[in-house]
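Peer 1: One structure is given below, represented as structure tokens, and several questions about it will come after.
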Amino acid sequence: MRFTYYTEKTVAQCMSALNERLQQKGTSSRPGLEGWVEKNGNFAIAVTTKVARRFPRTTRLQGKAERLGGVTIVNGSVAEGVGPKERIIIVVALAIVGVFIMTTGNPLPGVLAIGAGIVLNIPLAGDHQNNQILTGEVQRTLKAKETPPVALRKTT
């Protein structure tokens, strides 16, 4: 998923705020982040959470902050994952394909297709959960919004 946020902070203030947030320890309400920031505005942050109470999943967000006029534009990307309803559709579809393959006389590929649906659930669910955490942390830390300030909207 690609995103664009707008903030009143300068690039240096953004990088300083992100660096401070990376130094903070994780709590139950705010997980610990890892990553790096550069003076030129490039940054990456990552978070690791448990999926299905057992499997750790790390998702990385990469971005760049650039000053344009009186506003800083933060562009970035992060793996989006898949929501719960869509994951159910994927698992059911692969199960149907697996059963169909098994009825044609090939049990091993059919079992693999069913197993793939179950195994795929872990990264898809983890990225969906972590995506929300990472984008929320960027917005909160940089005091950024999805819509440009009124002054910038008038000039474009």
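So you can find residues: chains in the structure tokens are A, B, ... in the order shown, residues in each start at 1, and ligands are numbered from 1 in order.
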Within 7 Å of range 33-47 of chain A, counting only C-alpha atoms, which residues qualify if same-chain residues fewer than 4 places away don't, as a PyMOL selection string?

Peer 2: chain A and resi 11-12+15+19+22+58-66+130

Peer 1: I need the helix (DSSP H, G or I) residues of range 5-99 of chain A per DSSP on the backbone, written as a PDB file with all heavy atoms, in the first residue's frame.

Peer 2:
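The resulting states_6.pdb:
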```pdb
ATOM      1  N   VAL A  11      11.552  18.557   7.613  1.00  0.00           N
ATOM      2  CA  VAL A  11      12.110  17.214   7.429  1.00  0.00           C
ATOM      3  C   VAL A  11      12.995  16.847   8.621  1.00  0.00           C
ATOM      4  O   VAL A  11      12.931  15.729   9.138  1.00  0.00           O
ATOM      5  CB  VAL A  11      12.898  17.120   6.096  1.00  0.00           C
ATOM      6  CG1 VAL A  11      13.614  15.782   5.983  1.00  0.00           C
ATOM      7  CG2 VAL A  11      11.966  17.333   4.914  1.00  0.00           C
ATOM      8  N   ALA A  12      13.815  17.800   9.089  1.00  0.00           N
ATOM      9  CA  ALA A  12      14.687  17.527  10.239  1.00  0.00           C
ATOM     10  C   ALA A  12      13.862  17.212  11.481  1.00  0.00           C
ATOM     11  O   ALA A  12      14.203  16.288  12.237  1.00  0.00           O
ATOM     12  CB  ALA A  12      15.596  18.731  10.499  1.00  0.00           C
ATOM     13  N   GLN A  13      12.774  17.940  11.711  1.00  0.00           N
ATOM     14  CA  GLN A  13      11.919  17.664  12.859  1.00  0.00           C
ATOM     15  C   GLN A  13      11.246  16.296  12.727  1.00  0.00           C
ATOM     16  O   GLN A  13      11.116  15.568  13.713  1.00  0.00           O
ATOM     17  CB  GLN A  13      10.844  18.755  13.001  1.00  0.00           C
ATOM     18  CG  GLN A  13      11.381  20.090  13.445  1.00  0.00           C
ATOM     19  CD  GLN A  13      10.322  21.184  13.358  1.00  0.00           C
ATOM     20  OE1 GLN A  13       9.416  21.124  12.528  1.00  0.00           O
ATOM     21  NE2 GLN A  13      10.457  22.189  14.218  1.00  0.00           N
ATOM     22  N   CYS A  14      10.847  15.940  11.527  1.00  0.00           N
ATOM     23  CA  CYS A  14      10.241  14.628  11.290  1.00  0.00           C
ATOM     24  C   CYS A  14      11.230  13.505  11.598  1.00  0.00           C
ATOM     25  O   CYS A  14      10.885  12.531  12.277  1.00  0.00           O
ATOM     26  CB  CYS A  14       9.765  14.513   9.843  1.00  0.00           C
ATOM     27  SG  CYS A  14       8.338  15.508   9.425  1.00  0.00           S
ATOM     28  N   MET A  15      12.458  13.649  11.110  1.00  0.00           N
ATOM     29  CA  MET A  15      13.450  12.603  11.328  1.00  0.00           C
ATOM     30  C   MET A  15      13.812  12.504  12.814  1.00  0.00           C
ATOM     31  O   MET A  15      13.995  11.417  13.352  1.00  0.00           O
ATOM     32  CB  MET A  15      14.706  12.858  10.490  1.00  0.00           C
ATOM     33  CG  MET A  15      14.462  12.792   8.982  1.00  0.00           C
ATOM     34  SD  MET A  15      13.753  11.249   8.396  1.00  0.00           S
ATOM     35  CE  MET A  15      12.043  11.680   8.160  1.00  0.00           C
ATOM     36  N   SER A  16      13.874  13.644  13.480  1.00  0.00           N
ATOM     37  CA  SER A  16      14.155  13.651  14.915  1.00  0.00           C
ATOM     38  C   SER A  16      13.025  12.968  15.691  1.00  0.00           C
ATOM     39  O   SER A  16      13.275  12.168  16.592  1.00  0.00           O
ATOM     40  CB  SER A  16      14.333  15.091  15.394  1.00  0.00           C
ATOM     41  OG  SER A  16      14.540  15.126  16.780  1.00  0.00           O
ATOM     42  N   ALA A  17      11.776  13.270  15.330  1.00  0.00           N
ATOM     43  CA  ALA A  17      10.630  12.661  16.008  1.00  0.00           C
ATOM     44  C   ALA A  17      10.591  11.149  15.776  1.00  0.00           C
ATOM     45  O   ALA A  17      10.331  10.374  16.706  1.00  0.00           O
ATOM     46  CB  ALA A  17       9.334  13.307  15.530  1.00  0.00           C
ATOM     47  N   LEU A  18      10.863  10.717  14.544  1.00  0.00           N
ATOM     48  CA  LEU A  18      10.890   9.284  14.263  1.00  0.00           C
ATOM     49  C   LEU A  18      12.019   8.592  15.011  1.00  0.00           C
ATOM     50  O   LEU A  18      11.845   7.484  15.532  1.00  0.00           O
ATOM     51  CB  LEU A  18      11.030   9.034  12.762  1.00  0.00           C
ATOM     52  CG  LEU A  18       9.770   9.213  11.925  1.00  0.00           C
ATOM     53  CD1 LEU A  18      10.094   9.125  10.442  1.00  0.00           C
ATOM     54  CD2 LEU A  18       8.727   8.178  12.295  1.00  0.00           C
ATOM     55  N   ASN A  19      13.178   9.240  15.068  1.00  0.00           N
ATOM     56  CA  ASN A  19      14.305   8.663  15.788  1.00  0.00           C
ATOM     57  C   ASN A  19      13.985   8.512  17.273  1.00  0.00           C
ATOM     58  O   ASN A  19      14.305   7.495  17.885  1.00  0.00           O
ATOM     59  CB  ASN A  19      15.559   9.511  15.584  1.00  0.00           C
ATOM     60  CG  ASN A  19      16.812   8.765  15.970  1.00  0.00           C
ATOM     61  OD1 ASN A  19      16.862   7.538  15.880  1.00  0.00           O
ATOM     62  ND2 ASN A  19      17.815   9.499  16.411  1.00  0.00           N
ATOM     63  N   GLU A  20      13.343   9.518  17.858  1.00  0.00           N
ATOM     64  CA  GLU A  20      12.941   9.427  19.263  1.00  0.00           C
ATOM     65  C   GLU A  20      11.964   8.286  19.476  1.00  0.00           C
ATOM     66  O   GLU A  20      12.060   7.555  20.463  1.00  0.00           O
ATOM     67  CB  GLU A  20      12.302  10.735  19.723  1.00  0.00           C
ATOM     68  CG  GLU A  20      13.283  11.856  19.960  1.00  0.00           C
ATOM     69  CD  GLU A  20      12.596  13.151  20.366  1.00  0.00           C
ATOM     70  OE1 GLU A  20      11.498  13.078  20.968  1.00  0.00           O
ATOM     71  OE2 GLU A  20      13.146  14.220  20.067  1.00  0.00           O
ATOM     72  N   ARG A  21      11.016   8.128  18.554  1.00  0.00           N
ATOM     73  CA  ARG A  21      10.028   7.049  18.690  1.00  0.00           C
ATOM     74  C   ARG A  21      10.693   5.686  18.564  1.00  0.00           C
ATOM     75  O   ARG A  21      10.321   4.737  19.250  1.00  0.00           O
ATOM     76  CB  ARG A  21       8.938   7.207  17.622  1.00  0.00           C
ATOM     77  CG  ARG A  21       7.903   6.097  17.613  1.00  0.00           C
ATOM     78  CD  ARG A  21       7.166   5.989  18.932  1.00  0.00           C
ATOM     79  NE  ARG A  21       6.248   4.878  18.935  1.00  0.00           N
ATOM     80  CZ  ARG A  21       6.472   3.696  19.519  1.00  0.00           C
ATOM     81  NH1 ARG A  21       7.607   3.487  20.165  1.00  0.00           N
ATOM     82  NH2 ARG A  21       5.586   2.736  19.469  1.00  0.00           N
ATOM     83  N   LEU A  22      11.698   5.570  17.714  1.00  0.00           N
ATOM     84  CA  LEU A  22      12.409   4.304  17.573  1.00  0.00           C
ATOM     85  C   LEU A  22      13.183   3.939  18.843  1.00  0.00           C
ATOM     86  O   LEU A  22      13.399   2.761  19.125  1.00  0.00           O
ATOM     87  CB  LEU A  22      13.375   4.358  16.380  1.00  0.00           C
ATOM     88  CG  LEU A  22      12.717   4.353  15.009  1.00  0.00           C
ATOM     89  CD1 LEU A  22      13.761   4.621  13.930  1.00  0.00           C
ATOM     90  CD2 LEU A  22      11.997   3.044  14.744  1.00  0.00           C
ATOM     91  N   GLN A  23      13.583   4.941  19.616  1.00  0.00           N
ATOM     92  CA  GLN A  23      14.345   4.694  20.832  1.00  0.00           C
ATOM     93  C   GLN A  23      13.455   4.254  21.997  1.00  0.00           C
ATOM     94  O   GLN A  23      13.943   3.699  22.967  1.00  0.00           O
ATOM     95  CB  GLN A  23      15.129   5.956  21.238  1.00  0.00           C
ATOM     96  CG  GLN A  23      16.094   6.460  20.189  1.00  0.00           C
ATOM     97  CD  GLN A  23      17.094   5.411  19.743  1.00  0.00           C
ATOM     98  OE1 GLN A  23      17.622   4.668  20.548  1.00  0.00           O
ATOM     99  NE2 GLN A  23      17.323   5.343  18.440  1.00  0.00           N
ATOM    100  N   PRO A  84      -9.912  -9.931   7.407  1.00  0.00           N
ATOM    101  CA  PRO A  84     -10.441 -11.242   7.817  1.00  0.00           C
ATOM    102  C   PRO A  84     -11.400 -11.869   6.799  1.00  0.00           C
ATOM    103  O   PRO A  84     -11.316 -13.072   6.530  1.00  0.00           O
ATOM    104  CB  PRO A  84     -11.167 -10.941   9.124  1.00  0.00           C
ATOM    105  CG  PRO A  84     -10.625  -9.647   9.604  1.00  0.00           C
ATOM    106  CD  PRO A  84     -10.160  -8.906   8.400  1.00  0.00           C
ATOM    107  N   LYS A  85     -12.299 -11.107   6.230  1.00  0.00           N
ATOM    108  CA  LYS A  85     -13.263 -11.670   5.275  1.00  0.00           C
ATOM    109  C   LYS A  85     -12.561 -12.174   4.022  1.00  0.00           C
ATOM    110  O   LYS A  85     -12.887 -13.253   3.509  1.00  0.00           O
ATOM    111  CB  LYS A  85     -14.301 -10.617   4.894  1.00  0.00           C
ATOM    112  CG  LYS A  85     -15.238 -10.264   6.021  1.00  0.00           C
ATOM    113  CD  LYS A  85     -16.229  -9.203   5.599  1.00  0.00           C
ATOM    114  CE  LYS A  85     -17.110  -8.806   6.768  1.00  0.00           C
ATOM    115  NZ  LYS A  85     -18.033  -7.718   6.414  1.00  0.00           N
ATOM    116  N   GLU A  86     -11.611 -11.403   3.540  1.00  0.00           N
ATOM    117  CA  GLU A  86     -10.888 -11.804   2.334  1.00  0.00           C
ATOM    118  C   GLU A  86     -10.020 -13.036   2.590  1.00  0.00           C
ATOM    119  O   GLU A  86      -9.852 -13.874   1.704  1.00  0.00           O
ATOM    120  CB  GLU A  86     -10.027 -10.652   1.814  1.00  0.00           C
ATOM    121  CG  GLU A  86     -10.833  -9.479   1.283  1.00  0.00           C
ATOM    122  CD  GLU A  86     -11.299  -8.512   2.370  1.00  0.00           C
ATOM    123  OE1 GLU A  86     -10.901  -8.683   3.551  1.00  0.00           O
ATOM    124  OE2 GLU A  86     -12.061  -7.587   2.053  1.00  0.00           O
ATOM    125  N   ARG A  87      -9.447 -13.135   3.805  1.00  0.00           N
ATOM    126  CA  ARG A  87      -8.647 -14.329   4.140  1.00  0.00           C
ATOM    127  C   ARG A  87      -9.518 -15.580   4.135  1.00  0.00           C
ATOM    128  O   ARG A  87      -9.080 -16.647   3.683  1.00  0.00           O
ATOM    129  CB  ARG A  87      -7.967 -14.160   5.492  1.00  0.00           C
ATOM    130  CG  ARG A  87      -6.801 -13.202   5.463  1.00  0.00           C
ATOM    131  CD  ARG A  87      -5.926 -13.309   6.704  1.00  0.00           C
ATOM    132  NE  ARG A  87      -6.635 -13.284   7.951  1.00  0.00           N
ATOM    133  CZ  ARG A  87      -6.887 -12.191   8.685  1.00  0.00           C
ATOM    134  NH1 ARG A  87      -6.467 -11.026   8.254  1.00  0.00           N
ATOM    135  NH2 ARG A  87      -7.519 -12.265   9.823  1.00  0.00           N
ATOM    136  N   ILE A  88     -10.739 -15.471   4.633  1.00  0.00           N
ATOM    137  CA  ILE A  88     -11.650 -16.619   4.627  1.00  0.00           C
ATOM    138  C   ILE A  88     -11.937 -17.038   3.188  1.00  0.00           C
ATOM    139  O   ILE A  88     -11.932 -18.238   2.867  1.00  0.00           O
ATOM    140  CB  ILE A  88     -12.956 -16.277   5.377  1.00  0.00           C
ATOM    141  CG1 ILE A  88     -12.665 -16.144   6.876  1.00  0.00           C
ATOM    142  CG2 ILE A  88     -14.028 -17.340   5.131  1.00  0.00           C
ATOM    143  CD1 ILE A  88     -13.821 -15.599   7.687  1.00  0.00           C
ATOM    144  N   ILE A  89     -12.151 -16.082   2.310  1.00  0.00           N
ATOM    145  CA  ILE A  89     -12.408 -16.389   0.903  1.00  0.00           C
ATOM    146  C   ILE A  89     -11.218 -17.110   0.284  1.00  0.00           C
ATOM    147  O   ILE A  89     -11.383 -18.092  -0.452  1.00  0.00           O
ATOM    148  CB  ILE A  89     -12.749 -15.099   0.124  1.00  0.00           C
ATOM    149  CG1 ILE A  89     -14.089 -14.546   0.596  1.00  0.00           C
ATOM    150  CG2 ILE A  89     -12.753 -15.345  -1.385  1.00  0.00           C
ATOM    151  CD1 ILE A  89     -14.404 -13.156   0.087  1.00  0.00           C
ATOM    152  N   ILE A  90      -9.999 -16.657   0.593  1.00  0.00           N
ATOM    153  CA  ILE A  90      -8.787 -17.293   0.057  1.00  0.00           C
ATOM    154  C   ILE A  90      -8.672 -18.729   0.544  1.00  0.00           C
ATOM    155  O   ILE A  90      -8.405 -19.653  -0.237  1.00  0.00           O
ATOM    156  CB  ILE A  90      -7.537 -16.471   0.425  1.00  0.00           C
ATOM    157  CG1 ILE A  90      -7.537 -15.142  -0.338  1.00  0.00           C
ATOM    158  CG2 ILE A  90      -6.263 -17.250   0.130  1.00  0.00           C
ATOM    159  CD1 ILE A  90      -6.490 -14.160   0.132  1.00  0.00           C
ATOM    160  N   VAL A  91      -8.872 -18.949   1.849  1.00  0.00           N
ATOM    161  CA  VAL A  91      -8.756 -20.298   2.418  1.00  0.00           C
ATOM    162  C   VAL A  91      -9.813 -21.223   1.818  1.00  0.00           C
ATOM    163  O   VAL A  91      -9.519 -22.363   1.438  1.00  0.00           O
ATOM    164  CB  VAL A  91      -8.851 -20.252   3.963  1.00  0.00           C
ATOM    165  CG1 VAL A  91      -8.982 -21.643   4.532  1.00  0.00           C
ATOM    166  CG2 VAL A  91      -7.638 -19.547   4.546  1.00  0.00           C
ATOM    167  N   VAL A  92     -11.049 -20.750   1.711  1.00  0.00           N
ATOM    168  CA  VAL A  92     -12.124 -21.573   1.149  1.00  0.00           C
ATOM    169  C   VAL A  92     -11.846 -21.886  -0.315  1.00  0.00           C
ATOM    170  O   VAL A  92     -12.028 -23.028  -0.760  1.00  0.00           O
ATOM    171  CB  VAL A  92     -13.492 -20.872   1.339  1.00  0.00           C
ATOM    172  CG1 VAL A  92     -14.579 -21.561   0.530  1.00  0.00           C
ATOM    173  CG2 VAL A  92     -13.862 -20.833   2.807  1.00  0.00           C
ATOM    174  N   ALA A  93     -11.387 -20.895  -1.086  1.00  0.00           N
ATOM    175  CA  ALA A  93     -11.094 -21.123  -2.498  1.00  0.00           C
ATOM    176  C   ALA A  93      -9.982 -22.163  -2.663  1.00  0.00           C
ATOM    177  O   ALA A  93     -10.095 -23.069  -3.511  1.00  0.00           O
ATOM    178  CB  ALA A  93     -10.697 -19.816  -3.180  1.00  0.00           C
ATOM    179  N   LEU A  94      -8.931 -22.045  -1.875  1.00  0.00           N
ATOM    180  CA  LEU A  94      -7.849 -23.036  -1.981  1.00  0.00           C
ATOM    181  C   LEU A  94      -8.306 -24.409  -1.496  1.00  0.00           C
ATOM    182  O   LEU A  94      -7.854 -25.435  -2.018  1.00  0.00           O
ATOM    183  CB  LEU A  94      -6.622 -22.558  -1.205  1.00  0.00           C
ATOM    184  CG  LEU A  94      -5.821 -21.466  -1.913  1.00  0.00           C
ATOM    185  CD1 LEU A  94      -4.725 -20.918  -1.009  1.00  0.00           C
ATOM    186  CD2 LEU A  94      -5.210 -21.989  -3.198  1.00  0.00           C
ATOM    187  N   ALA A  95      -9.200 -24.454  -0.524  1.00  0.00           N
ATOM    188  CA  ALA A  95      -9.736 -25.744  -0.072  1.00  0.00           C
ATOM    189  C   ALA A  95     -10.564 -26.395  -1.177  1.00  0.00           C
ATOM    190  O   ALA A  95     -10.459 -27.610  -1.419  1.00  0.00           O
ATOM    191  CB  ALA A  95     -10.571 -25.547   1.186  1.00  0.00           C
ATOM    192  N   ILE A  96     -11.369 -25.601  -1.867  1.00  0.00           N
ATOM    193  CA  ILE A  96     -12.172 -26.142  -2.974  1.00  0.00           C
ATOM    194  C   ILE A  96     -11.267 -26.648  -4.088  1.00  0.00           C
ATOM    195  O   ILE A  96     -11.480 -27.745  -4.628  1.00  0.00           O
ATOM    196  CB  ILE A  96     -13.160 -25.070  -3.498  1.00  0.00           C
ATOM    197  CG1 ILE A  96     -14.234 -24.810  -2.449  1.00  0.00           C
ATOM    198  CG2 ILE A  96     -13.784 -25.494  -4.819  1.00  0.00           C
ATOM    199  CD1 ILE A  96     -15.111 -23.613  -2.742  1.00  0.00           C
ATOM    200  N   VAL A  97     -10.245 -25.871  -4.426  1.00  0.00           N
ATOM    201  CA  VAL A  97      -9.295 -26.303  -5.448  1.00  0.00           C
ATOM    202  C   VAL A  97      -8.591 -27.589  -4.998  1.00  0.00           C
ATOM    203  O   VAL A  97      -8.418 -28.524  -5.792  1.00  0.00           O
ATOM    204  CB  VAL A  97      -8.268 -25.181  -5.743  1.00  0.00           C
ATOM    205  CG1 VAL A  97      -7.108 -25.698  -6.580  1.00  0.00           C
ATOM    206  CG2 VAL A  97      -8.945 -24.021  -6.427  1.00  0.00           C
ATOM    207  N   GLY A  98      -8.196 -27.650  -3.736  1.00  0.00           N
ATOM    208  CA  GLY A  98      -7.528 -28.846  -3.222  1.00  0.00           C
ATOM    209  C   GLY A  98      -8.409 -30.076  -3.289  1.00  0.00           C
ATOM    210  O   GLY A  98      -7.958 -31.162  -3.684  1.00  0.00           O
ATOM    211  N   VAL A  99      -9.682 -29.936  -2.915  1.00  0.00           N
ATOM    212  CA  VAL A  99     -10.614 -31.071  -2.979  1.00  0.00           C
ATOM    213  C   VAL A  99     -10.821 -31.488  -4.431  1.00  0.00           C
ATOM    214  O   VAL A  99     -10.845 -32.691  -4.744  1.00  0.00           O
ATOM    215  CB  VAL A  99     -11.959 -30.698  -2.296  1.00  0.00           C
ATOM    216  CG1 VAL A  99     -13.026 -31.741  -2.586  1.00  0.00           C
ATOM    217  CG2 VAL A  99     -11.758 -30.546  -0.800  1.00  0.00           C
TER     218      VAL A  99
END
```

Peer 1: Per DSSP on the backbone, filter range 8-134 of chain A down to the residues in strand (DSSP E) and report them as number ranges by chain.

Peer 2: A: 34-37, 42-51, 55-68, 71-78

Peer 1: The selected residues should be written to file as a tab-separated table (two decimals), in the first residue's frame (atoms: N, CA, C and O atoms).

Peer 2:
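Final output, out.tsv:
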```
chain	number	residue	atom	x	y	z
A	34	GLU	N	11.45	-0.93	15.35
A	34	GLU	CA	12.86	-0.95	14.97
A	34	GLU	C	12.96	-0.27	13.62
A	34	GLU	O	11.97	-0.15	12.90
A	35	GLY	N	14.14	0.20	13.28
A	35	GLY	CA	14.30	0.85	11.99
A	35	GLY	C	15.43	1.85	11.98
A	35	GLY	O	16.31	1.83	12.86
A	36	TRP	N	15.42	2.74	11.01
A	36	TRP	CA	16.47	3.74	10.85
A	36	TRP	C	15.89	4.99	10.19
A	36	TRP	O	14.84	4.94	9.56
A	37	VAL	N	16.61	6.09	10.37
A	37	VAL	CA	16.26	7.35	9.71
A	37	VAL	C	17.53	7.97	9.16
A	37	VAL	O	18.62	7.77	9.69
A	42	ASN	N	14.91	9.95	4.20
A	42	ASN	CA	14.58	8.53	4.04
A	42	ASN	C	14.46	7.88	5.41
A	42	ASN	O	15.23	8.19	6.32
A	43	PHE	N	13.53	6.95	5.54
A	43	PHE	CA	13.39	6.22	6.79
A	43	PHE	C	12.72	4.88	6.55
A	43	PHE	O	12.09	4.65	5.51
A	44	ALA	N	12.88	3.99	7.51
A	44	ALA	CA	12.20	2.70	7.49
A	44	ALA	C	11.92	2.32	8.94
A	44	ALA	O	12.77	2.50	9.81
A	45	ILE	N	10.71	1.84	9.18
A	45	ILE	CA	10.37	1.34	10.50
A	45	ILE	C	9.72	-0.02	10.34
A	45	ILE	O	9.10	-0.31	9.31
A	46	ALA	N	9.89	-0.85	11.35
A	46	ALA	CA	9.33	-2.20	11.30
A	46	ALA	C	8.77	-2.54	12.66
A	46	ALA	O	9.22	-2.04	13.69
A	47	VAL	N	7.77	-3.41	12.65
A	47	VAL	CA	7.16	-3.88	13.89
A	47	VAL	C	6.95	-5.39	13.74
A	47	VAL	O	6.68	-5.90	12.65
A	48	THR	N	7.12	-6.10	14.85
A	48	THR	CA	6.91	-7.53	14.89
A	48	THR	C	5.80	-7.82	15.89
A	48	THR	O	5.87	-7.37	17.04
A	49	THR	N	4.77	-8.53	15.45
A	49	THR	CA	3.68	-8.92	16.33
A	49	THR	C	3.43	-10.41	16.17
A	49	THR	O	3.88	-11.04	15.21
A	50	LYS	N	2.69	-10.95	17.10
A	50	LYS	CA	2.33	-12.37	17.05
A	50	LYS	C	1.04	-12.53	16.25
A	50	LYS	O	0.09	-11.78	16.42
A	51	VAL	N	1.02	-13.53	15.39
A	51	VAL	CA	-0.15	-13.86	14.61
A	51	VAL	C	-0.64	-15.21	15.10
A	51	VAL	O	0.17	-16.14	15.28
A	55	PHE	N	2.90	-17.18	16.03
A	55	PHE	CA	3.87	-16.95	14.97
A	55	PHE	C	4.24	-15.47	14.89
A	55	PHE	O	3.36	-14.63	14.69
A	56	PRO	N	5.53	-15.13	14.99
A	56	PRO	CA	5.92	-13.72	14.84
A	56	PRO	C	5.92	-13.31	13.37
A	56	PRO	O	6.33	-14.07	12.50
A	57	ARG	N	5.43	-12.11	13.11
A	57	ARG	CA	5.41	-11.57	11.75
A	57	ARG	C	5.95	-10.15	11.78
A	57	ARG	O	5.45	-9.29	12.51
A	58	THR	N	6.99	-9.88	11.00
A	58	THR	CA	7.58	-8.55	10.92
A	58	THR	C	7.15	-7.90	9.62
A	58	THR	O	7.25	-8.50	8.55
A	59	THR	N	6.70	-6.66	9.72
A	59	THR	CA	6.31	-5.88	8.55
A	59	THR	C	7.11	-4.59	8.56
A	59	THR	O	7.27	-3.96	9.60
A	60	ARG	N	7.62	-4.19	7.39
A	60	ARG	CA	8.47	-3.00	7.28
A	60	ARG	C	7.77	-1.93	6.45
A	60	ARG	O	7.18	-2.22	5.42
A	61	LEU	N	7.84	-0.70	6.93
A	61	LEU	CA	7.34	0.47	6.22
A	61	LEU	C	8.55	1.28	5.78
A	61	LEU	O	9.45	1.53	6.59
A	62	GLN	N	8.58	1.69	4.52
A	62	GLN	CA	9.66	2.54	4.02
A	62	GLN	C	9.05	3.84	3.51
A	62	GLN	O	7.97	3.82	2.91
A	63	GLY	N	9.73	4.95	3.79
A	63	GLY	CA	9.19	6.22	3.37
A	63	GLY	C	10.25	7.27	3.15
A	63	GLY	O	11.43	7.06	3.41
A	64	LYS	N	9.79	8.42	2.66
A	64	LYS	CA	10.67	9.56	2.42
A	64	LYS	C	9.87	10.82	2.72
A	64	LYS	O	8.74	10.96	2.27
A	65	ALA	N	10.49	11.72	3.46
A	65	ALA	CA	9.88	13.01	3.77
A	65	ALA	C	10.58	14.08	2.94
A	65	ALA	O	11.81	14.14	2.91
A	66	GLU	N	9.79	14.92	2.26
A	66	GLU	CA	10.32	16.00	1.43
A	66	GLU	C	9.55	17.28	1.72
A	66	GLU	O	8.34	17.25	1.86
A	67	ARG	N	10.29	18.36	1.77
A	67	ARG	CA	9.67	19.67	2.02
A	67	ARG	C	9.24	20.29	0.69
A	67	ARG	O	10.02	20.36	-0.25
A	68	LEU	N	8.00	20.72	0.64
A	68	LEU	CA	7.47	21.37	-0.55
A	68	LEU	C	6.68	22.59	-0.09
A	68	LEU	O	5.63	22.46	0.51
A	71	VAL	N	5.02	22.90	3.64
A	71	VAL	CA	4.53	21.64	4.19
A	71	VAL	C	5.50	20.52	3.83
A	71	VAL	O	6.17	20.56	2.80
A	72	THR	N	5.58	19.53	4.69
A	72	THR	CA	6.40	18.34	4.41
A	72	THR	C	5.48	17.23	3.94
A	72	THR	O	4.46	16.93	4.58
A	73	ILE	N	5.84	16.63	2.83
A	73	ILE	CA	5.07	15.52	2.27
A	73	ILE	C	5.82	14.23	2.57
A	73	ILE	O	7.00	14.10	2.25
A	74	VAL	N	5.12	13.30	3.19
A	74	VAL	CA	5.70	12.01	3.55
A	74	VAL	C	5.08	10.96	2.63
A	74	VAL	O	3.87	10.69	2.70
A	75	ASN	N	5.89	10.39	1.75
A	75	ASN	CA	5.45	9.32	0.85
A	75	ASN	C	6.08	8.02	1.32
A	75	ASN	O	7.24	8.00	1.74
A	76	GLY	N	5.33	6.93	1.22
A	76	GLY	CA	5.89	5.67	1.64
A	76	GLY	C	5.06	4.50	1.17
A	76	GLY	O	4.03	4.66	0.51
A	77	SER	N	5.53	3.31	1.54
A	77	SER	CA	4.81	2.09	1.21
A	77	SER	C	5.00	1.07	2.31
A	77	SER	O	6.01	1.08	3.03
A	78	VAL	N	4.01	0.22	2.45
A	78	VAL	CA	4.01	-0.84	3.45
A	78	VAL	C	3.15	-1.97	2.92
A	78	VAL	O	2.19	-1.74	2.18
```

Peer 1: Find the distance between CA of Ile118 in chain A and CA of Pro31 in chain A and write it in Å to one decimal.

Peer 2: 26.3 Å

Peer 1: Taking into account only C-alpha atoms, which residue in the set A:Gly115, A:Gly110, A:Glu8, A:Gly126 is nearest to Val82 in chain A?

Peer 2: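 Ranking A:Gly115, A:Gly110, A:Glu8, A:Gly126 by distance to Val82 in chain A, first place goes to A:Gly126.
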
Peer 1: Mind pulling up the distance from CA of Tyr6 in chain A to CA of Val138 in chain A?

Peer 2: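 Pair CA of Val138 in chain A / CA of Tyr6 in chain A returns 10.9 Å.
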